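K.L.:
Quick one: this structure, given as structure tokens, is what I'll be asking you about.
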Amino acid sequence: MRETLIVVGLTVLAIALRSGRGNTMRKLGALTMLGASFCLLYFITRSIWGGAVGVALWFFLPWIELLTRIRQMRLPLNNRLDHREVPNPSFFPNATEAAAAMEEAGFDHVSDCGWEWAGMQQFFQLFWHPEERAVAAVCLCEQSDVAFAFISITSHDADGKIWRTTNFPFAPTLRCPPGVSWNHVPCERSCFHQILADHQKYLGRMRVPADRLRMPDPEEIEDSIEREMRRQVDHNLAVGIIRLTEDGHFKYSTRGLFFLWGQFVKDMIRLC
């Protein structure tokens with residue numbers, strides 16, 4: 001009975017800590033849940049190795065989705081953006097404020113567009129700034145009952161290299177091709193002015209002077225996004241993360257499933 005109460009007590013404590021708003025409390029709650037899992041298997045097997053298995057099982061949970069939904073996914077080889085209406089702001093409370101902040105910073109609205117990836121709807125509000133020589137986007141993602149928004153700021157240098165700063169909350173699901181560099185800032189940082197300042201510092205840190213940046217063409221921004229996605233797909237085909245299907249789509253290879261598992265584990269550790 002004492003061992004049962006220990007496991008139950010740790011589980012209740014973990015749930016209580018996970019319900020807190022502070023990042024430290026939530027991470028402590030995740031560690032407490034791992035401790036409860038260790039104790040449960042340890043008390044059953046009377047072995048430290050058994051307890052270690054209880055902890056490790058959490059990190060293998062993503063394989064349930066990997067071997068079911070993701071393994072069956074078929075993604076379009078050539079995806080095209082189409083013009084769309086702005087989604088209901090109530091689903092994306094930070095998106096309206098981000099778009100307003102972009103206009104305050106001198107960015108001009110270019111277009112509203114989107115596409116679909118394996119059941120996920122992605123909507124973009126695109127802006128550009130000639131003096132900053134940058135393209136900014138508010139991206140709204142919606143899949144089933146899950147919805148979130150993030151911001152990205154992109155610059156191209158004279159050599160064709162892409163420099164991007166974003167608060168995208170997850171690890172990328174495909175490898176970035178050569179010549180594309182991402183500067184990830186904390187997902188809690190939703191203020192566009194802060195992200196713009198981070199992007200400017202990032203360019204300075206990478207020694208990319210302003211006069212080396214290419215002037216964006218607002219008429220070519222959507223085509224640039226499509227070309228970049230196709231370039232990323234081609235790179236991942238070359239390295240074996242994905243493979244072509246017979247119907248002109250692509251799917252994750254066995255190597256790609258292990259790559260995704262590693263990305264899921266990163267997110268579990270970082271976002272817990």
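Residues are referred to by chain and number: the chain letter is A, B, ... according to the order shown in the structure tokens, the number counts from 1 in that chain, and ligands are numbered separately from 1 in the order shown.
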So which bits of segment 32-75 of chain A end up alpha helix (DSSP H) when you DSSP the backbone, as a ChimeraX atom specification?
P.N.:
/A:32-45,48-60,62-65,71-72
K.L.:
Residues within 12 Å of His129 of chain A, please, as a list of chain:residue names. Count only C-alpha atoms; anything in the same chain fewer than 3 positions from it doesn't count.
P.N.:
A:Met102, A:Glu103, A:Glu104, A:Ala105, A:Gly106, A:Phe107, A:Asp108, A:His109, A:Val110, A:Leu126, A:Glu132, A:Arg133, A:Ala134, A:Val135, A:Ala136, A:Ala137, A:Ile153, A:Thr154, A:Ser155, A:Leu196, A:Arg214, A:Met215, A:Pro216, A:Asp217, A:Pro218
K.L.:
Convert the current residue selection to file output with N, CA, C and O atoms, as a short mmCIF file (atom, residue, chain, number, x, y, z; two decimals), in the first residue's frame.
P.N.:
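See part16.cif below for the written result:
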data_model
loop_
_atom_site.label_atom_id
_atom_site.label_comp_id
_atom_site.auth_asym_id
_atom_site.auth_seq_id
_atom_site.Cartn_x
_atom_site.Cartn_y
_atom_site.Cartn_z
N MET A 102 3.75 44.70 -37.38
CA MET A 102 4.54 44.76 -38.61
C MET A 102 4.29 46.06 -39.36
O MET A 102 5.22 46.70 -39.87
N GLU A 103 3.03 46.47 -39.42
CA GLU A 103 2.71 47.72 -40.09
C GLU A 103 3.28 48.91 -39.32
O GLU A 103 3.75 49.89 -39.92
N GLU A 104 3.28 48.84 -37.99
CA GLU A 104 3.88 49.90 -37.19
C GLU A 104 5.38 50.01 -37.46
O GLU A 104 5.94 51.12 -37.43
N ALA A 105 6.02 48.88 -37.73
CA ALA A 105 7.47 48.87 -37.99
C ALA A 105 7.80 49.26 -39.42
O ALA A 105 8.98 49.25 -39.80
N GLY A 106 6.79 49.61 -40.22
CA GLY A 106 7.03 50.05 -41.59
C GLY A 106 6.94 48.97 -42.64
O GLY A 106 7.26 49.21 -43.81
N PHE A 107 6.48 47.76 -42.27
CA PHE A 107 6.31 46.69 -43.25
C PHE A 107 4.98 46.88 -43.98
O PHE A 107 3.97 47.23 -43.37
N ASP A 108 5.00 46.65 -45.28
CA ASP A 108 3.81 46.79 -46.10
C ASP A 108 3.22 45.41 -46.39
O ASP A 108 3.95 44.45 -46.69
N HIS A 109 1.89 45.33 -46.32
CA HIS A 109 1.20 44.08 -46.58
C HIS A 109 1.31 43.72 -48.06
O HIS A 109 1.13 44.56 -48.94
N VAL A 110 1.61 42.44 -48.33
CA VAL A 110 1.76 41.95 -49.70
C VAL A 110 0.57 41.10 -50.11
O VAL A 110 -0.11 41.38 -51.10
N LEU A 126 1.70 37.98 -45.56
CA LEU A 126 3.05 38.33 -45.97
C LEU A 126 3.23 39.85 -46.03
O LEU A 126 2.35 40.57 -46.51
N GLU A 132 14.57 47.58 -44.67
CA GLU A 132 15.10 46.44 -43.93
C GLU A 132 15.57 45.32 -44.86
O GLU A 132 16.32 44.43 -44.45
N ARG A 133 15.10 45.38 -46.13
CA ARG A 133 15.38 44.33 -47.11
C ARG A 133 15.01 42.96 -46.54
O ARG A 133 15.81 42.02 -46.56
N ALA A 134 13.80 42.90 -46.03
CA ALA A 134 13.34 41.68 -45.36
C ALA A 134 11.87 41.43 -45.68
O ALA A 134 11.11 42.34 -46.01
N VAL A 135 11.50 40.16 -45.58
CA VAL A 135 10.11 39.72 -45.71
C VAL A 135 9.67 39.17 -44.37
O VAL A 135 10.37 38.34 -43.77
N ALA A 136 8.53 39.62 -43.89
CA ALA A 136 7.98 39.13 -42.63
C ALA A 136 6.68 38.39 -42.89
O ALA A 136 5.94 38.71 -43.84
N ALA A 137 6.40 37.40 -42.06
CA ALA A 137 5.18 36.61 -42.25
C ALA A 137 4.61 36.22 -40.89
O ALA A 137 5.35 35.90 -39.96
N ILE A 153 10.91 36.23 -40.00
CA ILE A 153 11.50 37.33 -40.75
C ILE A 153 12.63 36.75 -41.58
O ILE A 153 13.51 36.07 -41.04
N THR A 154 12.61 37.01 -42.89
CA THR A 154 13.55 36.37 -43.80
C THR A 154 14.30 37.41 -44.62
O THR A 154 13.71 38.38 -45.12
N SER A 155 15.61 37.20 -44.75
CA SER A 155 16.46 38.04 -45.60
C SER A 155 17.26 37.14 -46.53
O SER A 155 17.67 36.04 -46.14
N LEU A 196 12.16 41.31 -34.62
CA LEU A 196 12.88 42.09 -35.61
C LEU A 196 14.25 42.50 -35.07
O LEU A 196 15.27 42.42 -35.79
N ARG A 214 19.71 41.32 -50.45
CA ARG A 214 18.97 41.58 -51.68
C ARG A 214 17.66 42.27 -51.39
O ARG A 214 17.01 41.98 -50.39
N MET A 215 17.25 43.16 -52.28
CA MET A 215 15.97 43.83 -52.15
C MET A 215 14.85 42.85 -52.54
O MET A 215 14.86 42.31 -53.65
N PRO A 216 13.90 42.57 -51.64
CA PRO A 216 12.81 41.66 -52.00
C PRO A 216 11.93 42.26 -53.10
O PRO A 216 11.75 43.48 -53.18
N ASP A 217 11.38 41.41 -53.92
CA ASP A 217 10.39 41.81 -54.93
C ASP A 217 9.03 41.33 -54.43
O ASP A 217 8.79 40.12 -54.36
N PRO A 218 8.13 42.24 -54.06
CA PRO A 218 6.84 41.80 -53.51
C PRO A 218 6.05 40.91 -54.45
O PRO A 218 5.23 40.11 -54.01
#
K.L.:
For Ala149 of chain A, work out the shell of residues within 12 Å, counting only C-alpha atoms and skipping chain neighbours fewer than 2 positions away, then give it as a ChimeraX atom specification.
P.N.:
/A:87,89-99,121-125,137-143,146-147,151-152,166-170,187-190
K.L.:
Write the selection just made, keeping N, CA, C and O atoms, as a compact mmCIF listing (two decimals), in the first residue's frame?
P.N.:
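That gives us out_21.txt:
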# COMPACT_ATOMS: atom_id res chain seq x y z
N PRO A 87 -8.24 33.90 -41.60
CA PRO A 87 -9.01 33.08 -40.66
C PRO A 87 -9.58 33.90 -39.51
O PRO A 87 -9.17 35.03 -39.26
N PRO A 89 -9.92 35.60 -36.28
CA PRO A 89 -8.88 35.99 -35.31
C PRO A 89 -9.03 35.34 -33.94
O PRO A 89 -8.06 35.25 -33.19
N SER A 90 -10.23 34.87 -33.60
CA SER A 90 -10.42 34.25 -32.29
C SER A 90 -9.62 32.97 -32.13
O SER A 90 -9.31 32.56 -31.02
N PHE A 91 -9.28 32.30 -33.26
CA PHE A 91 -8.48 31.09 -33.20
C PHE A 91 -6.99 31.42 -33.04
O PHE A 91 -6.21 30.57 -32.61
N PHE A 92 -6.59 32.62 -33.43
CA PHE A 92 -5.19 33.01 -33.39
C PHE A 92 -5.08 34.39 -32.73
O PHE A 92 -4.93 35.41 -33.41
N PRO A 93 -5.19 34.45 -31.41
CA PRO A 93 -5.27 35.74 -30.72
C PRO A 93 -4.05 36.63 -30.91
O PRO A 93 -4.14 37.84 -30.79
N ASN A 94 -2.88 36.06 -31.19
CA ASN A 94 -1.67 36.87 -31.33
C ASN A 94 -1.42 37.34 -32.76
O ASN A 94 -0.59 38.21 -32.99
N ALA A 95 -2.14 36.74 -33.72
CA ALA A 95 -1.86 37.03 -35.12
C ALA A 95 -2.23 38.47 -35.48
O ALA A 95 -1.47 39.15 -36.19
N THR A 96 -3.37 38.94 -35.02
CA THR A 96 -3.80 40.30 -35.34
C THR A 96 -2.82 41.33 -34.79
O THR A 96 -2.45 42.30 -35.46
N GLU A 97 -2.37 41.13 -33.55
CA GLU A 97 -1.41 42.04 -32.94
C GLU A 97 -0.08 42.01 -33.69
O GLU A 97 0.56 43.06 -33.87
N ALA A 98 0.34 40.82 -34.14
CA ALA A 98 1.60 40.71 -34.86
C ALA A 98 1.53 41.46 -36.19
O ALA A 98 2.48 42.17 -36.56
N ALA A 99 0.42 41.31 -36.91
CA ALA A 99 0.26 42.00 -38.19
C ALA A 99 0.25 43.51 -37.98
O ALA A 99 0.85 44.27 -38.76
N GLN A 121 -3.73 22.95 -42.30
CA GLN A 121 -3.93 24.17 -43.05
C GLN A 121 -2.92 25.21 -42.58
O GLN A 121 -2.82 25.49 -41.39
N GLN A 122 -2.16 25.77 -43.52
CA GLN A 122 -1.21 26.82 -43.20
C GLN A 122 -1.60 28.08 -43.96
O GLN A 122 -1.76 28.06 -45.18
N PHE A 123 -1.77 29.16 -43.21
CA PHE A 123 -2.18 30.43 -43.78
C PHE A 123 -1.09 31.46 -43.51
O PHE A 123 -0.55 31.53 -42.39
N PHE A 124 -0.73 32.26 -44.52
CA PHE A 124 0.33 33.25 -44.40
C PHE A 124 -0.20 34.66 -44.66
O PHE A 124 -0.93 34.88 -45.64
N GLN A 125 0.15 35.59 -43.80
CA GLN A 125 0.03 37.00 -44.08
C GLN A 125 1.44 37.52 -44.33
O GLN A 125 2.29 37.49 -43.43
N ALA A 137 6.40 37.40 -42.06
CA ALA A 137 5.18 36.61 -42.25
C ALA A 137 4.61 36.22 -40.89
O ALA A 137 5.35 35.90 -39.96
N VAL A 138 3.28 36.28 -40.83
CA VAL A 138 2.55 35.67 -39.73
C VAL A 138 1.97 34.39 -40.29
O VAL A 138 1.21 34.42 -41.27
N CYS A 139 2.34 33.27 -39.72
CA CYS A 139 1.87 31.97 -40.20
C CYS A 139 0.89 31.39 -39.19
O CYS A 139 1.20 31.30 -38.00
N LEU A 140 -0.29 31.02 -39.68
CA LEU A 140 -1.31 30.42 -38.84
C LEU A 140 -1.46 28.96 -39.26
O LEU A 140 -1.67 28.66 -40.43
N CYS A 141 -1.34 28.06 -38.31
CA CYS A 141 -1.42 26.62 -38.59
C CYS A 141 -2.60 26.02 -37.83
O CYS A 141 -2.78 26.30 -36.64
N GLU A 142 -3.35 25.19 -38.53
CA GLU A 142 -4.51 24.57 -37.91
C GLU A 142 -4.63 23.12 -38.38
O GLU A 142 -4.60 22.84 -39.58
N GLN A 143 -4.71 22.21 -37.43
CA GLN A 143 -4.89 20.79 -37.73
C GLN A 143 -5.78 20.18 -36.68
O GLN A 143 -5.46 20.20 -35.49
N VAL A 146 -6.12 21.55 -33.04
CA VAL A 146 -4.91 22.24 -32.61
C VAL A 146 -4.63 23.41 -33.55
O VAL A 146 -4.65 23.26 -34.77
N ALA A 147 -4.39 24.59 -32.98
CA ALA A 147 -4.09 25.77 -33.77
C ALA A 147 -3.02 26.59 -33.06
O ALA A 147 -3.02 26.70 -31.84
N ILE A 151 5.76 33.74 -36.06
CA ILE A 151 6.26 34.85 -36.86
C ILE A 151 7.61 34.45 -37.46
O ILE A 151 8.40 33.76 -36.81
N SER A 152 7.87 34.88 -38.67
CA SER A 152 9.20 34.69 -39.26
C SER A 152 9.61 35.95 -40.01
O SER A 152 8.77 36.67 -40.55
N THR A 166 12.82 33.19 -36.39
CA THR A 166 11.44 32.77 -36.18
C THR A 166 11.23 32.31 -34.75
O THR A 166 12.18 31.87 -34.09
N ASN A 167 9.99 32.42 -34.30
CA ASN A 167 9.61 31.85 -33.00
C ASN A 167 8.77 30.59 -33.20
O ASN A 167 7.96 30.24 -32.34
N PHE A 168 9.00 29.91 -34.32
CA PHE A 168 8.31 28.63 -34.58
C PHE A 168 8.53 27.70 -33.40
O PHE A 168 9.68 27.46 -32.99
N PRO A 169 7.46 27.14 -32.83
CA PRO A 169 7.61 26.45 -31.53
C PRO A 169 8.14 25.03 -31.58
O PRO A 169 8.42 24.46 -30.53
N PHE A 170 8.28 24.44 -32.78
CA PHE A 170 8.67 23.04 -32.86
C PHE A 170 9.95 22.87 -33.67
O PHE A 170 10.35 23.75 -34.44
N CYS A 187 9.61 30.50 -28.26
CA CYS A 187 8.25 30.63 -28.80
C CYS A 187 7.39 31.58 -27.98
O CYS A 187 6.39 32.10 -28.47
N GLU A 188 7.78 31.81 -26.71
CA GLU A 188 7.02 32.76 -25.88
C GLU A 188 7.21 34.20 -26.34
O GLU A 188 6.44 35.08 -25.98
N ARG A 189 8.24 34.44 -27.14
CA ARG A 189 8.53 35.79 -27.62
C ARG A 189 7.63 36.08 -28.83
O ARG A 189 7.99 35.78 -29.97
N SER A 190 6.48 36.64 -28.59
CA SER A 190 5.51 36.89 -29.65
C SER A 190 5.47 38.33 -30.12
O SER A 190 4.71 38.67 -31.02
K.L.:
Mind the document's chain letters and residue numbers, and return as number ranges by chain the residues of segment 77-223 of chain A that DSSP labels strand (DSSP E or B).
P.N.:
A: 82-83, 108-117, 120-129, 134-143, 146-157, 162-166, 180-184, 213
K.L.:
Report as a PyMOL selection string all protein, DNA and RNA residues lying within 12 Å of Phe43 of chain A, evaluated on only C-alpha atoms, omitting residues in the same chain fewer than 6 positions from it.
P.N.:
chain A and resi 1-7+36-37+49-52+54
K.L.:
Got time to write the residues from that selection, all heavy atoms, as a compact mmCIF listing (two decimals), in the first residue's frame?
P.N.:
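The result, written out as selection08.txt:
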# COMPACT_ATOMS: atom_id res chain seq x y z
N MET A 1 0.83 -1.20 0.00
CA MET A 1 0.00 0.00 0.00
C MET A 1 0.87 1.26 0.00
O MET A 1 0.56 2.25 -0.67
CB MET A 1 -0.90 0.00 1.23
CG MET A 1 -1.98 1.06 1.20
SD MET A 1 -3.15 0.76 -0.15
CE MET A 1 -4.20 2.21 0.03
N ARG A 2 1.98 1.21 0.74
CA ARG A 2 2.86 2.36 0.79
C ARG A 2 3.43 2.69 -0.58
O ARG A 2 3.49 3.86 -0.98
CB ARG A 2 4.01 2.08 1.78
CG ARG A 2 5.03 3.22 1.88
CD ARG A 2 6.13 2.85 2.87
NE ARG A 2 6.86 1.67 2.41
CZ ARG A 2 7.89 1.71 1.57
NH1 ARG A 2 8.29 2.87 1.08
NH2 ARG A 2 8.51 0.60 1.23
N GLU A 3 3.82 1.67 -1.33
CA GLU A 3 4.38 1.89 -2.66
C GLU A 3 3.34 2.46 -3.62
O GLU A 3 3.64 3.35 -4.43
CB GLU A 3 4.94 0.56 -3.20
CG GLU A 3 6.10 0.05 -2.36
CD GLU A 3 6.47 -1.38 -2.71
OE1 GLU A 3 5.64 -2.03 -3.41
OE2 GLU A 3 7.55 -1.83 -2.31
N THR A 4 2.10 1.98 -3.49
CA THR A 4 1.03 2.52 -4.33
C THR A 4 0.80 3.99 -4.04
O THR A 4 0.63 4.81 -4.95
CB THR A 4 -0.27 1.74 -4.10
OG1 THR A 4 -0.05 0.35 -4.40
CG2 THR A 4 -1.39 2.27 -4.98
N LEU A 5 0.80 4.33 -2.77
CA LEU A 5 0.58 5.73 -2.40
C LEU A 5 1.73 6.62 -2.88
O LEU A 5 1.50 7.79 -3.23
CB LEU A 5 0.43 5.83 -0.88
CG LEU A 5 -0.86 5.23 -0.29
CD1 LEU A 5 -0.83 5.31 1.23
CD2 LEU A 5 -2.09 5.97 -0.84
N ILE A 6 2.94 6.11 -2.89
CA ILE A 6 4.07 6.89 -3.39
C ILE A 6 3.87 7.23 -4.87
O ILE A 6 4.03 8.38 -5.30
CB ILE A 6 5.39 6.13 -3.19
CG1 ILE A 6 5.75 6.08 -1.71
CG2 ILE A 6 6.53 6.78 -3.98
CD1 ILE A 6 6.97 5.23 -1.40
N VAL A 7 3.49 6.21 -5.66
CA VAL A 7 3.28 6.43 -7.10
C VAL A 7 2.11 7.39 -7.33
O VAL A 7 2.20 8.32 -8.14
CB VAL A 7 3.03 5.09 -7.82
CG1 VAL A 7 2.66 5.33 -9.28
CG2 VAL A 7 4.26 4.20 -7.72
N ALA A 36 7.66 9.26 -11.14
CA ALA A 36 6.53 8.36 -10.84
C ALA A 36 6.60 7.12 -11.71
O ALA A 36 6.33 5.99 -11.25
CB ALA A 36 5.21 9.11 -11.06
N SER A 37 6.95 7.29 -13.00
CA SER A 37 7.08 6.15 -13.90
C SER A 37 8.21 5.22 -13.46
O SER A 37 8.08 3.99 -13.51
CB SER A 37 7.32 6.64 -15.33
OG SER A 37 6.27 7.48 -15.77
N TRP A 49 16.85 -1.39 -13.43
CA TRP A 49 16.70 -1.42 -14.89
C TRP A 49 15.22 -1.36 -15.28
O TRP A 49 14.86 -0.74 -16.28
CB TRP A 49 17.35 -2.67 -15.46
CG TRP A 49 18.84 -2.62 -15.44
CD1 TRP A 49 19.67 -3.33 -14.63
CD2 TRP A 49 19.67 -1.79 -16.25
NE1 TRP A 49 20.99 -3.00 -14.88
CE2 TRP A 49 21.02 -2.06 -15.87
CE3 TRP A 49 19.44 -0.85 -17.25
CZ2 TRP A 49 22.10 -1.42 -16.47
CZ3 TRP A 49 20.53 -0.22 -17.84
CH2 TRP A 49 21.82 -0.50 -17.46
N GLY A 50 14.39 -2.00 -14.49
CA GLY A 50 12.95 -1.92 -14.74
C GLY A 50 12.45 -0.50 -14.60
O GLY A 50 11.64 -0.02 -15.41
N GLY A 51 12.92 0.23 -13.57
CA GLY A 51 12.55 1.62 -13.42
C GLY A 51 13.03 2.47 -14.57
O GLY A 51 12.32 3.38 -15.03
N ALA A 52 14.25 2.17 -15.07
CA ALA A 52 14.78 2.92 -16.21
C ALA A 52 13.92 2.71 -17.45
O ALA A 52 13.72 3.63 -18.25
CB ALA A 52 16.22 2.49 -16.47
N GLY A 54 10.73 2.24 -17.39
CA GLY A 54 9.55 3.06 -17.18
C GLY A 54 9.77 4.50 -17.62
O GLY A 54 8.87 5.15 -18.17
K.L.:
A:Ala101, A:Leu75, A:Ala197, A:Val55: which is nearest Glu246 of chain A, counting only C-alpha atoms?
P.N.:
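Result for the nearest residue to Glu246 of chain A: A:Leu75.
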K.L.:
Quick check, in Å to one decimal: how far apart do atom CA of Arg255 of chain A and atom CA of Trp58 of chain A lie?
P.N.:
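Computing the Euclidean distance for atom CA of Arg255 of chain A and atom CA of Trp58 of chain A yields 21.0 Å.
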K.L.:
Would you work out the distance separating atom CA of Gly204 of chain A from atom CA of Phe150 of chain A, expressed in Å to one decimal?
P.N.:
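One can read the atom CA of Gly204 of chain A to atom CA of Phe150 of chain A distance as 23.0 Å.
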K.L.:
For Pro209 of chain A, work out the shell of residues within 12 Å, counting only C-alpha atoms and skipping chain neighbours fewer than 2 positions away, then give it as a list in words.
P.N.:
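Everything that qualifies: Glu132, Arg133, Ser155, His156, Asp157, Ala158, Gln200, Lys201, Tyr202, Leu203, Gly204, Arg205, Met206, Arg207, Asp211, Arg212, Leu213 and Arg214 of chain A.
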K.L.:
Store the residues picked out above, limited to C-alpha atoms, as an mmCIF file, in the first residue's frame.
P.N.:
data_model
loop_
_atom_site.group_PDB
_atom_site.id
_atom_site.type_symbol
_atom_site.label_atom_id
_atom_site.label_comp_id
_atom_site.auth_asym_id
_atom_site.auth_seq_id
_atom_site.Cartn_x
_atom_site.Cartn_y
_atom_site.Cartn_z
ATOM 1 C CA GLU A 132 15.104 46.436 -43.927
ATOM 2 C CA ARG A 133 15.379 44.333 -47.106
ATOM 3 C CA SER A 155 16.458 38.040 -45.603
ATOM 4 C CA HIS A 156 18.331 36.922 -48.735
ATOM 5 C CA ASP A 157 21.939 37.910 -49.264
ATOM 6 C CA ALA A 158 23.722 38.539 -52.536
ATOM 7 C CA GLN A 200 19.032 42.399 -36.900
ATOM 8 C CA LYS A 201 21.362 41.157 -34.150
ATOM 9 C CA TYR A 202 21.505 37.753 -35.843
ATOM 10 C CA LEU A 203 22.596 39.275 -39.148
ATOM 11 C CA GLY A 204 25.219 41.313 -37.319
ATOM 12 C CA ARG A 205 26.441 38.255 -35.424
ATOM 13 C CA MET A 206 26.732 36.316 -38.695
ATOM 14 C CA ARG A 207 28.542 39.288 -40.286
ATOM 15 C CA ASP A 211 24.450 46.265 -48.260
ATOM 16 C CA ARG A 212 24.847 42.534 -48.966
ATOM 17 C CA LEU A 213 21.120 41.876 -48.578
ATOM 18 C CA ARG A 214 18.973 41.578 -51.685
#
K.L.:
With only C-alpha atoms as the basis for distance, which of A:Leu28, A:Ala118, A:Leu40, A:Leu57 is at the shortest distance from Arg74 of chain A?
P.N.:
A:Ala118
K.L.:
Name all residues at most 10 Å from segment 171-175 of chain A (count only C-alpha atoms; drop same-chain ones fewer than 5 positions away) and give them as an mmCIF file with C-alpha atoms, in the first residue's frame.
P.N.:
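Generated file (out_22.cif):
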data_model
loop_
_atom_site.group_PDB
_atom_site.id
_atom_site.type_symbol
_atom_site.label_atom_id
_atom_site.label_comp_id
_atom_site.auth_asym_id
_atom_site.auth_seq_id
_atom_site.Cartn_x
_atom_site.Cartn_y
_atom_site.Cartn_z
ATOM 1 C CA HIS A 184 15.170 30.184 -33.418
ATOM 2 C CA GLN A 232 13.934 21.550 -49.260
ATOM 3 C CA VAL A 233 11.977 18.567 -50.586
ATOM 4 C CA HIS A 235 17.388 18.028 -50.485
ATOM 5 C CA ASN A 236 15.544 15.598 -48.222
ATOM 6 C CA VAL A 239 19.695 12.553 -48.166
ATOM 7 C CA ILE A 241 14.740 11.427 -45.258
ATOM 8 C CA ILE A 242 11.821 11.070 -47.681
ATOM 9 C CA TYR A 252 8.892 9.529 -44.975
ATOM 10 C CA GLY A 256 13.015 9.773 -42.032
ATOM 11 C CA LEU A 257 10.901 8.199 -39.279
ATOM 12 C CA PHE A 259 14.808 11.590 -37.919
ATOM 13 C CA LEU A 260 11.291 12.649 -36.904
ATOM 14 C CA TRP A 261 11.552 10.652 -33.684
ATOM 15 C CA GLY A 262 14.695 12.598 -32.800
ATOM 16 C CA GLN A 263 12.863 15.859 -33.511
ATOM 17 C CA PHE A 264 9.926 14.773 -31.334
ATOM 18 C CA VAL A 265 12.283 13.928 -28.475
ATOM 19 C CA LYS A 266 13.912 17.367 -28.809
ATOM 20 C CA ASP A 267 10.485 18.978 -28.537
ATOM 21 C CA ARG A 270 12.497 21.596 -24.774
#
K.L.:
Mind checking which residues fall within 12 Å of Val12 of chain A, counting only C-alpha atoms, ignoring those fewer than 6 positions away in the same chain, and posting them as a PyMOL selection string?
P.N.:
chain A and resi 5-6+18-19+29-30+32-33+35-36
